[in-house]
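Participant: I am sharing structure_0.cif, which consists of mmCIF, C-alpha atoms:
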data_entry
loop_
_atom_site.label_atom_id
_atom_site.label_comp_id
_atom_site.auth_asym_id
_atom_site.auth_seq_id
_atom_site.Cartn_x
_atom_site.Cartn_y
_atom_site.Cartn_z
CA MET A 1220 9.17 -11.93 5.31
CA ALA A 1221 10.49 -15.47 5.45
CA HIS A 1222 13.98 -16.18 6.76
CA PRO A 1223 16.39 -19.00 5.91
CA SER A 1224 15.92 -22.12 8.07
CA GLN A 1225 12.75 -20.60 9.46
CA LEU A 1226 10.59 -22.97 11.52
CA GLY A 1227 7.65 -20.87 12.75
CA PHE A 1228 5.35 -18.28 11.25
CA GLN A 1229 6.57 -14.89 10.06
CA ASP A 1230 6.22 -12.05 12.59
CA ALA A 1231 2.59 -10.96 12.75
CA ALA A 1232 1.76 -7.55 11.28
CA SER A 1233 -1.98 -7.61 11.89
CA PRO A 1234 -4.11 -8.35 14.98
CA VAL A 1235 -5.70 -11.39 13.35
CA MET A 1236 -2.33 -12.90 12.54
CA GLU A 1237 -1.23 -12.34 16.15
CA GLU A 1238 -4.26 -14.31 17.32
CA LEU A 1239 -3.56 -17.09 14.84
CA LEU A 1240 0.06 -17.24 15.96
CA HIS A 1241 -0.85 -17.51 19.67
CA PHE A 1242 -3.50 -20.13 18.94
CA HIS A 1243 -0.99 -22.15 16.95
CA ASP A 1244 1.46 -21.96 19.89
CA HIS A 1245 -1.31 -23.18 22.22
CA ALA A 1246 -2.41 -26.07 19.97
CA LEU A 1247 1.16 -27.11 19.19
CA MET A 1248 2.01 -27.19 22.91
CA ILE A 1249 -0.92 -29.56 23.47
CA VAL A 1250 0.32 -31.71 20.59
CA PHE A 1251 3.84 -31.83 22.07
CA LEU A 1252 2.50 -32.76 25.53
CA ILE A 1253 0.34 -35.57 24.18
CA SER A 1254 3.13 -36.89 21.98
CA THR A 1255 5.58 -36.84 24.89
CA LEU A 1256 3.10 -38.69 27.10
CA VAL A 1257 2.45 -41.34 24.44
CA LEU A 1258 6.15 -41.79 23.76
CA TYR A 1259 6.82 -42.16 27.48
CA ILE A 1260 4.09 -44.77 27.80
CA ILE A 1261 5.41 -46.71 24.80
CA VAL A 1262 8.95 -46.73 26.18
CA ALA A 1263 7.66 -47.74 29.61
CA MET A 1264 5.60 -50.58 28.15
CA VAL A 1265 8.46 -51.86 26.04
CA THR A 1266 11.15 -51.75 28.73
CA THR A 1267 9.36 -53.50 31.59
CA LYS A 1268 9.59 -57.12 32.67
CA LEU A 1269 6.32 -56.94 34.65
CA THR A 1270 3.29 -58.71 33.18
CA ASN A 1271 -0.31 -59.12 34.21
CA LYS A 1272 -2.47 -61.59 32.37
CA PHE A 1273 -5.59 -61.26 34.52
CA ILE A 1274 -6.98 -57.75 34.02
CA LEU A 1275 -10.61 -57.87 32.93
CA ASP A 1276 -11.89 -54.32 33.24
CA SER A 1277 -10.94 -51.01 34.80
CA GLN A 1278 -13.68 -48.45 35.09
CA GLU A 1279 -11.51 -45.68 36.58
CA ILE A 1280 -8.85 -45.47 33.91
CA GLU A 1281 -11.47 -45.80 31.16
CA ILE A 1282 -13.23 -42.75 32.57
CA ILE A 1283 -9.98 -40.79 32.75
CA TRP A 1284 -8.84 -41.53 29.24
CA THR A 1285 -12.25 -40.59 27.86
CA LEU A 1286 -12.77 -37.43 29.85
CA LEU A 1287 -9.28 -36.04 29.48
CA PRO A 1288 -9.23 -36.09 25.64
CA ALA A 1289 -12.72 -34.55 25.62
CA ILE A 1290 -11.50 -31.72 27.85
CA ILE A 1291 -8.40 -31.24 25.72
CA LEU A 1292 -10.52 -31.02 22.58
CA ILE A 1293 -12.72 -28.39 24.20
CA LEU A 1294 -9.61 -26.45 25.23
CA ILE A 1295 -8.58 -26.43 21.57
CA ALA A 1296 -12.04 -25.79 20.11
CA LEU A 1297 -12.93 -22.74 22.22
CA PRO A 1298 -10.01 -20.50 21.17
CA SER A 1299 -10.32 -21.81 17.62
CA LEU A 1300 -13.97 -20.82 17.30
CA ARG A 1301 -13.26 -17.50 18.99
CA ILE A 1302 -10.74 -16.65 16.28
CA LEU A 1303 -13.01 -17.97 13.53
CA TYR A 1304 -15.79 -15.60 14.57
CA LEU A 1305 -13.32 -12.79 15.14
CA MET A 1306 -12.17 -13.10 11.54
CA ASP A 1307 -15.81 -12.96 10.42
CA GLU A 1308 -16.60 -9.69 12.19
CA ILE A 1309 -18.26 -6.97 10.14
CA ASN A 1310 -15.62 -4.38 9.47
CA ASP A 1311 -15.94 -0.84 8.21
CA PRO A 1312 -13.11 -0.34 5.73
CA HIS A 1313 -11.50 3.03 5.04
CA LEU A 1314 -10.13 1.98 1.68
CA THR A 1315 -10.96 -0.57 -1.02
CA ILE A 1316 -8.27 -1.97 -3.28
CA LYS A 1317 -8.76 -4.47 -6.07
CA ALA A 1318 -6.00 -7.02 -6.61
CA MET A 1319 -6.31 -8.60 -10.05
CA GLY A 1320 -4.23 -11.67 -10.88
CA HIS A 1321 -2.79 -12.04 -14.34
CA GLN A 1322 -0.33 -14.42 -15.92
CA TRP A 1323 2.13 -13.53 -14.40
CA TYR A 1324 1.77 -10.36 -12.36
CA TRP A 1325 -0.67 -8.62 -10.05
CA SER A 1326 -2.40 -5.34 -10.82
CA TYR A 1327 -3.83 -3.07 -8.14
CA GLU A 1328 -6.74 -0.67 -8.56
CA TYR A 1329 -7.53 2.16 -6.17
CA THR A 1330 -10.83 3.58 -7.42
CA ASP A 1331 -12.51 5.08 -4.36
CA TYR A 1332 -11.75 8.61 -5.52
CA GLU A 1333 -9.79 8.64 -8.79
CA ASP A 1334 -9.06 5.77 -11.16
CA LEU A 1335 -5.60 4.67 -10.10
CA GLY A 1336 -4.39 1.36 -11.50
CA PHE A 1337 -0.92 -0.09 -11.96
CA ASP A 1338 0.83 -3.39 -12.58
CA SER A 1339 3.21 -5.05 -10.15
CA TYR A 1340 5.87 -7.23 -11.78
CA MET A 1341 8.54 -9.21 -9.98
CA ILE A 1342 12.02 -7.67 -10.21
CA PRO A 1343 14.17 -10.22 -12.11
CA THR A 1344 17.09 -11.61 -10.14
CA GLN A 1345 19.72 -9.97 -12.34
CA ASP A 1346 18.16 -6.53 -11.75
CA LEU A 1347 18.15 -6.68 -7.96
CA THR A 1348 20.09 -4.04 -6.02
CA PRO A 1349 22.05 -5.12 -2.90
CA GLY A 1350 19.73 -5.74 0.05
CA GLN A 1351 16.68 -6.67 -2.02
CA PHE A 1352 15.03 -10.08 -1.69
CA ARG A 1353 15.25 -12.60 -4.53
CA LEU A 1354 11.89 -13.61 -6.07
CA LEU A 1355 10.02 -11.37 -3.62
CA GLU A 1356 10.54 -7.78 -4.75
CA THR A 1357 8.25 -6.00 -7.22
CA ASP A 1358 8.60 -2.83 -9.25
CA HIS A 1359 5.43 -1.30 -7.74
CA ARG A 1360 4.22 -2.08 -4.25
CA MET A 1361 0.67 -2.02 -2.95
CA VAL A 1362 0.94 0.96 -0.60
CA ILE A 1363 -1.64 1.30 2.16
CA PRO A 1364 -2.14 3.61 5.16
CA VAL A 1365 -1.02 1.93 8.41
CA GLU A 1366 -3.58 1.08 11.13
CA SER A 1367 -6.51 1.57 8.74
CA PRO A 1368 -9.02 -1.17 7.94
CA ILE A 1369 -8.44 -2.13 4.31
CA ARG A 1370 -10.80 -4.11 2.10
CA VAL A 1371 -9.11 -6.06 -0.70
CA LEU A 1372 -11.25 -7.48 -3.49
CA VAL A 1373 -9.34 -10.25 -5.21
CA SER A 1374 -10.07 -11.45 -8.71
CA ALA A 1375 -8.27 -12.72 -11.79
CA GLU A 1376 -8.22 -11.87 -15.46
CA ASP A 1377 -7.24 -15.25 -16.86
CA VAL A 1378 -6.68 -18.34 -14.68
CA LEU A 1379 -6.89 -19.07 -10.96
CA HIS A 1380 -4.40 -17.26 -8.75
CA SER A 1381 -4.32 -16.63 -5.01
CA TRP A 1382 -3.37 -13.43 -3.17
CA ALA A 1383 -1.52 -14.24 0.02
CA VAL A 1384 0.49 -12.22 2.57
CA PRO A 1385 1.44 -14.52 5.49
CA SER A 1386 2.48 -11.82 7.97
CA LEU A 1387 -0.96 -10.22 7.63
CA GLY A 1388 -2.73 -13.59 7.93
CA VAL A 1389 -4.37 -13.14 4.54
CA LYS A 1390 -4.93 -15.56 1.68
CA MET A 1391 -7.75 -15.27 -0.85
CA ASP A 1392 -8.25 -17.14 -4.11
CA ALA A 1393 -8.42 -15.08 -7.28
CA VAL A 1394 -11.15 -16.52 -9.48
CA PRO A 1395 -11.95 -15.08 -12.94
CA GLY A 1396 -15.40 -13.51 -12.95
CA ARG A 1397 -15.67 -13.51 -9.16
CA LEU A 1398 -14.86 -10.86 -6.59
CA ASN A 1399 -13.57 -12.28 -3.30
CA GLN A 1400 -13.39 -9.97 -0.32
CA THR A 1401 -10.81 -10.03 2.43
CA ALA A 1402 -9.95 -7.38 4.99
CA PHE A 1403 -7.12 -6.58 7.38
CA ILE A 1404 -5.52 -3.86 9.51
CA THR A 1405 -1.75 -3.45 9.72
CA SER A 1406 -0.63 -2.96 13.33
CA ARG A 1407 2.69 -1.38 12.34
CA PRO A 1408 4.31 0.30 9.35
CA GLY A 1409 6.53 -1.93 7.24
CA VAL A 1410 6.93 -3.96 4.08
CA PHE A 1411 5.17 -7.33 3.93
CA TYR A 1412 5.80 -9.99 1.32
CA GLY A 1413 3.70 -12.76 -0.14
CA GLN A 1414 3.61 -15.02 -3.15
CA CYS A 1415 0.95 -16.28 -5.54
CA SER A 1416 -0.64 -19.30 -3.89
CA GLU A 1417 -2.50 -21.07 -6.67
CA ILE A 1418 -0.72 -22.78 -9.55
CA CYS A 1419 -1.19 -20.63 -12.61
CA GLY A 1420 1.34 -21.64 -15.21
CA ALA A 1421 5.03 -21.31 -15.97
CA ASN A 1422 5.77 -18.26 -13.82
CA HIS A 1423 3.49 -19.03 -10.89
CA SER A 1424 6.48 -18.78 -8.54
CA PHE A 1425 7.50 -15.41 -9.98
CA MET A 1426 4.56 -13.13 -9.31
CA PRO A 1427 5.03 -11.98 -5.71
CA ILE A 1428 3.00 -9.53 -3.66
CA VAL A 1429 4.49 -6.65 -1.69
CA VAL A 1430 2.36 -4.58 0.68
CA GLU A 1431 3.89 -1.40 2.10
CA ALA A 1432 2.15 0.18 5.10
CA VAL A 1433 2.96 3.87 5.61
CA PRO A 1434 1.48 6.81 7.55
CA LEU A 1435 -1.58 8.37 5.95
CA GLU A 1436 0.17 11.52 4.64
CA HIS A 1437 2.80 9.38 2.91
CA PHE A 1438 0.03 7.28 1.39
CA GLU A 1439 -1.71 10.40 0.08
CA ASN A 1440 1.56 11.71 -1.40
CA TRP A 1441 2.26 8.33 -3.00
CA SER A 1442 -1.18 8.07 -4.58
CA PHE A 1443 -0.91 11.62 -5.89
CA ILE A 1444 2.46 10.81 -7.50
CA MET A 1445 1.16 7.51 -8.91
CA LEU A 1446 -1.81 9.29 -10.48
CA GLN A 1447 0.53 11.77 -12.17
CA ASP A 1448 2.73 9.02 -13.55
CA ALA A 1449 -0.18 6.97 -14.91
CA MET B 837 -30.04 9.21 8.34
CA ALA B 838 -27.71 11.61 6.52
CA ARG B 839 -28.97 13.36 3.43
CA PRO B 840 -27.64 11.88 0.17
CA GLU B 841 -25.39 14.88 -0.52
CA GLU B 842 -23.79 14.59 2.93
CA LYS B 843 -23.31 10.85 2.57
CA ILE B 844 -21.50 11.40 -0.70
CA LYS B 845 -19.37 14.28 0.58
CA THR B 846 -18.05 12.14 3.46
CA TYR B 847 -17.69 9.06 1.25
CA ARG B 848 -14.58 7.02 2.04
CA THR B 849 -15.30 3.68 0.45
CA ALA B 850 -18.22 1.35 -0.13
CA PRO B 851 -19.71 0.63 3.31
CA PHE B 852 -20.74 -2.79 4.58
CA ASP B 853 -23.88 -3.92 2.73
CA ALA B 854 -25.95 -6.42 4.71
CA ARG B 855 -27.39 -7.82 1.48
CA PHE B 856 -23.92 -9.14 0.67
CA PRO B 857 -22.38 -10.22 3.97
CA ASN B 858 -20.12 -12.98 2.63
CA THR B 859 -16.82 -13.34 0.86
CA ASN B 860 -18.31 -13.30 -2.65
CA GLN B 861 -18.88 -9.62 -3.48
CA THR B 862 -19.45 -10.12 -7.22
CA ARG B 863 -23.16 -9.41 -6.95
CA ASN B 864 -22.52 -6.34 -4.75
CA CYS B 865 -20.51 -4.75 -7.57
CA TYR B 866 -22.95 -5.80 -10.30
CA GLN B 867 -26.06 -4.77 -8.37
CA ASN B 868 -24.75 -1.25 -7.73
CA TYR B 869 -23.81 -0.91 -11.39
CA LEU B 870 -27.34 -1.93 -12.40
CA ASP B 871 -28.89 0.29 -9.75
CA PHE B 872 -26.92 3.31 -10.98
CA HIS B 873 -28.14 2.90 -14.53
CA ARG B 874 -31.67 2.08 -13.47
CA CYS B 875 -31.73 5.11 -11.17
CA ASN B 876 -30.49 7.34 -13.99
CA LYS B 877 -33.09 5.95 -16.37
CA ALA B 878 -35.94 6.24 -13.86
CA LEU B 879 -35.13 9.75 -12.64
CA SER B 880 -34.32 11.26 -16.03
CA SER B 881 -37.46 9.79 -17.56
CA LYS B 882 -39.43 11.72 -14.91
CA GLY B 883 -37.35 14.83 -15.54
CA GLN B 884 -35.89 14.78 -12.01
CA ASP B 885 -32.35 15.52 -10.88
CA VAL B 886 -30.10 12.44 -11.17
CA ALA B 887 -27.79 13.53 -8.32
CA PRO B 888 -29.04 10.82 -5.87
CA CYS B 889 -27.84 8.19 -8.33
CA GLN B 890 -24.26 9.30 -7.66
CA TRP B 891 -24.15 7.09 -4.54
CA TYR B 892 -24.53 3.93 -6.63
CA GLN B 893 -21.85 5.19 -8.97
CA ARG B 894 -19.38 5.82 -6.14
CA VAL B 895 -20.06 2.34 -4.74
CA TYR B 896 -19.68 0.46 -8.01
CA LYS B 897 -16.57 2.45 -8.85
CA SER B 898 -15.10 1.37 -5.50
CA LEU B 899 -16.03 -2.27 -5.85
CA CYS B 900 -15.93 -3.17 -9.53
CA PRO B 901 -12.69 -3.84 -11.40
CA MET B 902 -12.05 -1.14 -14.02
CA GLY B 903 -11.96 -3.80 -16.73
CA TRP B 904 -15.43 -5.05 -15.88
CA VAL B 905 -16.85 -1.49 -15.87
CA ALA B 906 -15.23 -0.69 -19.22
CA LYS B 907 -16.64 -3.86 -20.74
CA TRP B 908 -20.14 -3.20 -19.41
CA ASP B 909 -20.06 0.45 -20.50
CA GLU B 910 -19.11 -0.66 -23.99
CA GLN B 911 -21.90 -3.21 -24.02
CA ILE B 912 -24.42 -0.58 -22.97
CA GLU B 913 -23.16 1.70 -25.73
CA ASN B 914 -23.47 -1.09 -28.28
CA GLY B 915 -26.87 -2.09 -26.96
CA ASN B 916 -25.91 -5.65 -26.02
CA PHE B 917 -25.61 -5.33 -22.22
CA PRO B 918 -27.15 -8.55 -20.82
CA GLY B 919 -28.62 -7.01 -17.66
CA LYS B 920 -32.06 -5.42 -17.39
CA ILE B 921 -31.87 -1.65 -17.05
#
If you convert what's in this file into structure tokens, what do you get?

Facilitator:
Amino acid sequence: MAHPSQLGFQDAASPVMEELLHFHDHALMIVFLISTLVLYIIVAMVTTKLTNKFILDSQEIEIIWTLLPAIILILIALPSLRILYLMDEINDPHLTIKAMGHQWYWSYEYTDYEDLGFDSYMIPTQDLTPGQFRLLETDHRMVIPVESPIRVLVSAEDVLHSWAVPSLGVKMDAVPGRLNQTAFITSRPGVFYGQCSEICGANHSFMPIVVEAVPLEHFENWSFIMLQDA
Amino acid sequence: MARPEEKIKTYRTAPFDARFPNTNQTRNCYQNYLDFHRCNKALSSKGQDVAPCQWYQRVYKSLCPMGWVAKWDEQIENGNFPGKI
């Protein structure tokens, strides 16, 4: 989850997010290097008394400052495209969950075997117990088995919403009448938070998403209990 | 190629369908719903066992939101389902 005064991404909880994180580090480093170089050149230009009014052309430097940016762009493009295609790989999910956006809560449906469906409302701030996170906790979490490929089909029952969990590297718009597919694998057990990412009315900021990744037996116990309670 | 009964017994969730490779899976859900009802209609009109149609049912149950299925079932019952079955 997010931390106060956080600058970077949340810790990655899926392989795709790890890739995105490392690529971002790589691209940002290039950005820092170029910015430092440009700043140095500006300062050098501004603080020198030397002048030369007779330069006409300079083939060598022109070649360098054309080739070097081209090479840098290729060094950025290659990892970027690699990740793009990696995210597009055909996956073979073990479980399908539907996340339906409503004003202003999410509902999750697990219908591969039985018809399990439940709503997930934000816990109001006055009802939080010590240690819980303000505006992020929900009464029911979307529980999934850890290290299993999960397919999430995102849709909405009223207006546009968006289902996002940053630590899993997932964001998918929820469009009424449309079923948008996204998939992920959690690398480790844990609780992962997200928030609705498409403006949807008064309580848009108060319909968070909580994904809880647990070992398979715990998931089976949980779904059994949820079915009884429904 | 596994026999239909085996495929259904080891069913986990709807597998990848190459007809619907992209993000928008709306048609995947709808097509399997249609195919289930068409399969039922075709096989029962010939007096054959409708067990093979169960595959389509498992797939549409996995993919389609429960609200959509309930609405379509009601439309079929009332005779005003817009799709061709």

Participant: Can you list, as a PyMOL selection string, every protein, DNA or RNA residue that comes within 9 Å of region 1310-1319 of chain A when you count only C-alpha atoms, leaving out same-chain residues fewer than 5 positions away?

Facilitator: (chain A and resi 1324-1331+1361+1363-1364+1367-1376+1380+1382+1393+1398+1402-1403) or (chain B and resi 848-852+898-901)

Participant: Report, in Å with one decimal, the straight-line distance from CA of Glu910 (chain B) to CA of Tyr892 (chain B).

Facilitator: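 CA of Tyr892 (chain B) lies 18.8 Å from CA of Glu910 (chain B).
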
Participant: Compare A:Leu1355, A:Ile1309, A:Met1426, A:Ala1383 by their minimum atom-to-atom distance to chain B, counting only C-alpha atoms, and give me the closest one.

Facilitator: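 Of all the options, A:Ile1309 lies closest to chain B.
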
Participant: May I ask you to extract the residues of chain B within 12 Å of chain A, using only C-alpha atoms, and to give them as JSON, numbers by chain?

Facilitator: {"B": [844, 845, 846, 847, 848, 849, 850, 851, 852, 853, 854, 856, 857, 858, 859, 860, 861, 862, 863, 864, 865, 866, 891, 893, 894, 895, 896, 897, 898, 899, 900, 901, 902, 903, 904, 905]}

Participant: Enter the distance from CA of Leu1239 (chain A) to CA of Gln1225 (chain A), in Å, rounded to one decimal.

Facilitator: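 Straight-line distance from CA of Leu1239 (chain A) to CA of Gln1225 (chain A) works out to 17.5 Å.
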
Participant: What residues come out when you apply the PyMOL selection byres ((chain B and resi 918) around 12) to this file, written as a list in words?

Facilitator: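 Applying the expression gives Tyr866, Leu870, Lys907, Trp908, Asp909, Glu910, Gln911, Ile912, Asn914, Gly915, Asn916, Phe917, Gly919, Lys920 and Ile921 of chain B.
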
Participant: Save the residues we just selected, C-alpha atoms, as a compact mmCIF listing (two decimals), keeping the file's coordinate frame?

Facilitator:
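Result file out-v9.txt:
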# COMPACT_ATOMS: atom_id res chain seq x y z
CA TYR B 866 -22.95 -5.80 -10.30
CA LEU B 870 -27.34 -1.93 -12.40
CA LYS B 907 -16.64 -3.86 -20.74
CA TRP B 908 -20.14 -3.20 -19.41
CA ASP B 909 -20.06 0.45 -20.50
CA GLU B 910 -19.11 -0.66 -23.99
CA GLN B 911 -21.90 -3.21 -24.02
CA ILE B 912 -24.42 -0.58 -22.97
CA ASN B 914 -23.47 -1.09 -28.28
CA GLY B 915 -26.87 -2.09 -26.96
CA ASN B 916 -25.91 -5.65 -26.02
CA PHE B 917 -25.61 -5.33 -22.22
CA GLY B 919 -28.62 -7.01 -17.66
CA LYS B 920 -32.06 -5.42 -17.39
CA ILE B 921 -31.87 -1.65 -17.05

Participant: Separation of CA of Ser1339 (chain A) and CA of Glu1436 (chain A), in Å?

Facilitator: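 Between CA of Ser1339 (chain A) and CA of Glu1436 (chain A) the gap is 22.4 Å.
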
Participant: Compile the contact shell of region 1289-1293 of chain A as a list in words: residues with an atom at most 10 Å away, counting only C-alpha atoms, same-chain residues fewer than 4 positions apart removed.

Facilitator: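 Neighbouring residues, sequence-local ones excluded: Ala1246, Ile1249, Ile1253, Ile1283, Trp1284, Thr1285, Leu1297, Pro1298 and Ser1299 of chain A.
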
Participant: Within 12 Å of (15.4, -14.2, -2.8) (file coordinates; all atoms listed in the file), which protein or nucleic acid residues are there? I'd like them as a list in words.

Facilitator: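 Those within range, by chain then number, are Met1220, Ala1221, His1222, Pro1223, Met1341, Ile1342, Pro1343, Thr1344, Gln1345, Leu1347, Thr1348, Pro1349, Gly1350, Gln1351, Phe1352, Arg1353, Leu1354, Leu1355, Glu1356, Thr1357, Tyr1412, Gln1414, Ser1424, Phe1425 and Pro1427 of chain A.
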
Participant: Excluding same-chain residues fewer than 5 positions from Arg1301 (chain A), what lies within 10 Å of it counting all atoms listed in the file, as a list in words?

Facilitator: Glu1238, Ala1296 and Met1306 of chain A

Participant: Find the residue from A:Asp1392, A:Glu1366, A:Asp1346, A:Asp1230 that sits nearest to Glu1417 (chain A); use only C-alpha atoms when measuring.

Facilitator: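 Comparing A:Asp1392, A:Glu1366, A:Asp1346, A:Asp1230 against Glu1417 (chain A), the winner is A:Asp1392.
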
Participant: Which protein, DNA or RNA residues have an atom at most 6 Å from (-27.5, 12.8, -4.4), counting all atoms listed in the file? List them as a short mmCIF file (atom, residue, chain, number, x, y, z; two decimals) with C-alpha atoms, keeping the file's coordinate frame.

Facilitator:
data_model
loop_
_atom_site.label_atom_id
_atom_site.label_comp_id
_atom_site.auth_asym_id
_atom_site.auth_seq_id
_atom_site.Cartn_x
_atom_site.Cartn_y
_atom_site.Cartn_z
CA PRO B 840 -27.64 11.88 0.17
CA GLU B 841 -25.39 14.88 -0.52
CA ALA B 887 -27.79 13.53 -8.32
CA PRO B 888 -29.04 10.82 -5.87
CA GLN B 890 -24.26 9.30 -7.66
#

Participant: Nearest to Val1365 (chain A): which of A:Gly1420, A:Gly1413, A:Gly1320, A:Pro1408 is it, counting all atoms listed in the file?

Facilitator: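 Going through A:Gly1420, A:Gly1413, A:Gly1320, A:Pro1408 one by one, the smallest distance to Val1365 (chain A) is for A:Pro1408.
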
Participant: Could you expand the PyMOL selection byres ((chain A and resi 1419) around 9) into the explicit residues it covers here, written as a list in words?

Facilitator: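 Applying the PyMOL selection byres ((chain A and resi 1419) around 9) to the structure shown produces His1321, Gln1322, Trp1323, Val1378, Leu1379, His1380, Cys1415, Ser1416, Glu1417, Ile1418, Gly1420, Ala1421, Asn1422, His1423 and Ser1424 of chain A.
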
Participant: Go ahead and write the selection's residues with C-alpha atoms as a compact mmCIF listing (two decimals), in the frame of the given file.

Facilitator:
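Result file follows (part_7.txt):
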# COMPACT_ATOMS: atom_id res chain seq x y z
CA HIS A 1321 -2.79 -12.04 -14.34
CA GLN A 1322 -0.33 -14.42 -15.92
CA TRP A 1323 2.13 -13.53 -14.40
CA VAL A 1378 -6.68 -18.34 -14.68
CA LEU A 1379 -6.89 -19.07 -10.96
CA HIS A 1380 -4.40 -17.26 -8.75
CA CYS A 1415 0.95 -16.28 -5.54
CA SER A 1416 -0.64 -19.30 -3.89
CA GLU A 1417 -2.50 -21.07 -6.67
CA ILE A 1418 -0.72 -22.78 -9.55
CA GLY A 1420 1.34 -21.64 -15.21
CA ALA A 1421 5.03 -21.31 -15.97
CA ASN A 1422 5.77 -18.26 -13.82
CA HIS A 1423 3.49 -19.03 -10.89
CA SER A 1424 6.48 -18.78 -8.54

Participant: Atoms are missing here; could region 881-895 of chain B be completed with N, CA, C and O atoms and written as a PDB file, in the frame of the given file?

Facilitator:
ATOM      1  N   SER B 881     -36.216   9.924 -16.805  1.00  0.00           N
ATOM      2  CA  SER B 881     -37.460   9.790 -17.560  1.00  0.00           C
ATOM      3  C   SER B 881     -38.570  10.620 -16.910  1.00  0.00           C
ATOM      4  O   SER B 881     -39.525  11.016 -17.571  1.00  0.00           O
ATOM      5  N   LYS B 882     -38.427  10.881 -15.576  1.00  0.00           N
ATOM      6  CA  LYS B 882     -39.430  11.720 -14.910  1.00  0.00           C
ATOM      7  C   LYS B 882     -38.983  13.175 -14.902  1.00  0.00           C
ATOM      8  O   LYS B 882     -39.654  14.015 -14.308  1.00  0.00           O
ATOM      9  N   GLY B 883     -37.838  13.453 -15.495  1.00  0.00           N
ATOM     10  CA  GLY B 883     -37.350  14.830 -15.540  1.00  0.00           C
ATOM     11  C   GLY B 883     -36.776  15.312 -14.221  1.00  0.00           C
ATOM     12  O   GLY B 883     -36.662  16.505 -13.995  1.00  0.00           O
ATOM     13  N   GLN B 884     -36.408  14.371 -13.317  1.00  0.00           N
ATOM     14  CA  GLN B 884     -35.890  14.780 -12.010  1.00  0.00           C
ATOM     15  C   GLN B 884     -34.369  14.810 -12.042  1.00  0.00           C
ATOM     16  O   GLN B 884     -33.729  14.260 -12.928  1.00  0.00           O
ATOM     17  N   ASP B 885     -33.802  15.422 -10.997  1.00  0.00           N
ATOM     18  CA  ASP B 885     -32.350  15.520 -10.880  1.00  0.00           C
ATOM     19  C   ASP B 885     -31.736  14.149 -10.600  1.00  0.00           C
ATOM     20  O   ASP B 885     -32.223  13.412  -9.729  1.00  0.00           O
ATOM     21  N   VAL B 886     -30.703  13.778 -11.349  1.00  0.00           N
ATOM     22  CA  VAL B 886     -30.100  12.440 -11.170  1.00  0.00           C
ATOM     23  C   VAL B 886     -28.991  12.423 -10.111  1.00  0.00           C
ATOM     24  O   VAL B 886     -28.272  11.442  -9.995  1.00  0.00           O
ATOM     25  N   ALA B 887     -28.866  13.493  -9.328  1.00  0.00           N
ATOM     26  CA  ALA B 887     -27.790  13.530  -8.320  1.00  0.00           C
ATOM     27  C   ALA B 887     -27.844  12.389  -7.307  1.00  0.00           C
ATOM     28  O   ALA B 887     -26.802  11.859  -6.933  1.00  0.00           O
ATOM     29  N   PRO B 888     -29.015  11.946  -6.821  1.00  0.00           N
ATOM     30  CA  PRO B 888     -29.040  10.820  -5.870  1.00  0.00           C
ATOM     31  C   PRO B 888     -28.406   9.551  -6.416  1.00  0.00           C
ATOM     32  O   PRO B 888     -27.952   8.708  -5.655  1.00  0.00           O
ATOM     33  N   CYS B 889     -28.397   9.413  -7.745  1.00  0.00           N
ATOM     34  CA  CYS B 889     -27.840   8.190  -8.330  1.00  0.00           C
ATOM     35  C   CYS B 889     -26.330   8.124  -8.161  1.00  0.00           C
ATOM     36  O   CYS B 889     -25.703   7.073  -8.343  1.00  0.00           O
ATOM     37  N   GLN B 890     -25.719   9.268  -7.781  1.00  0.00           N
ATOM     38  CA  GLN B 890     -24.260   9.300  -7.660  1.00  0.00           C
ATOM     39  C   GLN B 890     -23.754   8.315  -6.610  1.00  0.00           C
ATOM     40  O   GLN B 890     -22.645   7.799  -6.724  1.00  0.00           O
ATOM     41  N   TRP B 891     -24.554   8.040  -5.583  1.00  0.00           N
ATOM     42  CA  TRP B 891     -24.150   7.090  -4.540  1.00  0.00           C
ATOM     43  C   TRP B 891     -23.814   5.739  -5.155  1.00  0.00           C
ATOM     44  O   TRP B 891     -22.767   5.157  -4.893  1.00  0.00           O
ATOM     45  N   TYR B 892     -24.744   5.240  -6.003  1.00  0.00           N
ATOM     46  CA  TYR B 892     -24.530   3.930  -6.630  1.00  0.00           C
ATOM     47  C   TYR B 892     -23.273   3.947  -7.479  1.00  0.00           C
ATOM     48  O   TYR B 892     -22.536   2.959  -7.542  1.00  0.00           O
ATOM     49  N   GLN B 893     -23.041   5.110  -8.128  1.00  0.00           N
ATOM     50  CA  GLN B 893     -21.850   5.190  -8.970  1.00  0.00           C
ATOM     51  C   GLN B 893     -20.579   5.122  -8.128  1.00  0.00           C
ATOM     52  O   GLN B 893     -19.632   4.415  -8.465  1.00  0.00           O
ATOM     53  N   ARG B 894     -20.576   5.851  -6.998  1.00  0.00           N
ATOM     54  CA  ARG B 894     -19.380   5.820  -6.140  1.00  0.00           C
ATOM     55  C   ARG B 894     -19.143   4.396  -5.667  1.00  0.00           C
ATOM     56  O   ARG B 894     -18.012   3.900  -5.644  1.00  0.00           O
ATOM     57  N   VAL B 895     -20.233   3.696  -5.279  1.00  0.00           N
ATOM     58  CA  VAL B 895     -20.060   2.340  -4.740  1.00  0.00           C
ATOM     59  C   VAL B 895     -19.557   1.397  -5.816  1.00  0.00           C
ATOM     60  O   VAL B 895     -18.615   0.623  -5.588  1.00  0.00           O
TER      61      VAL B 895
END
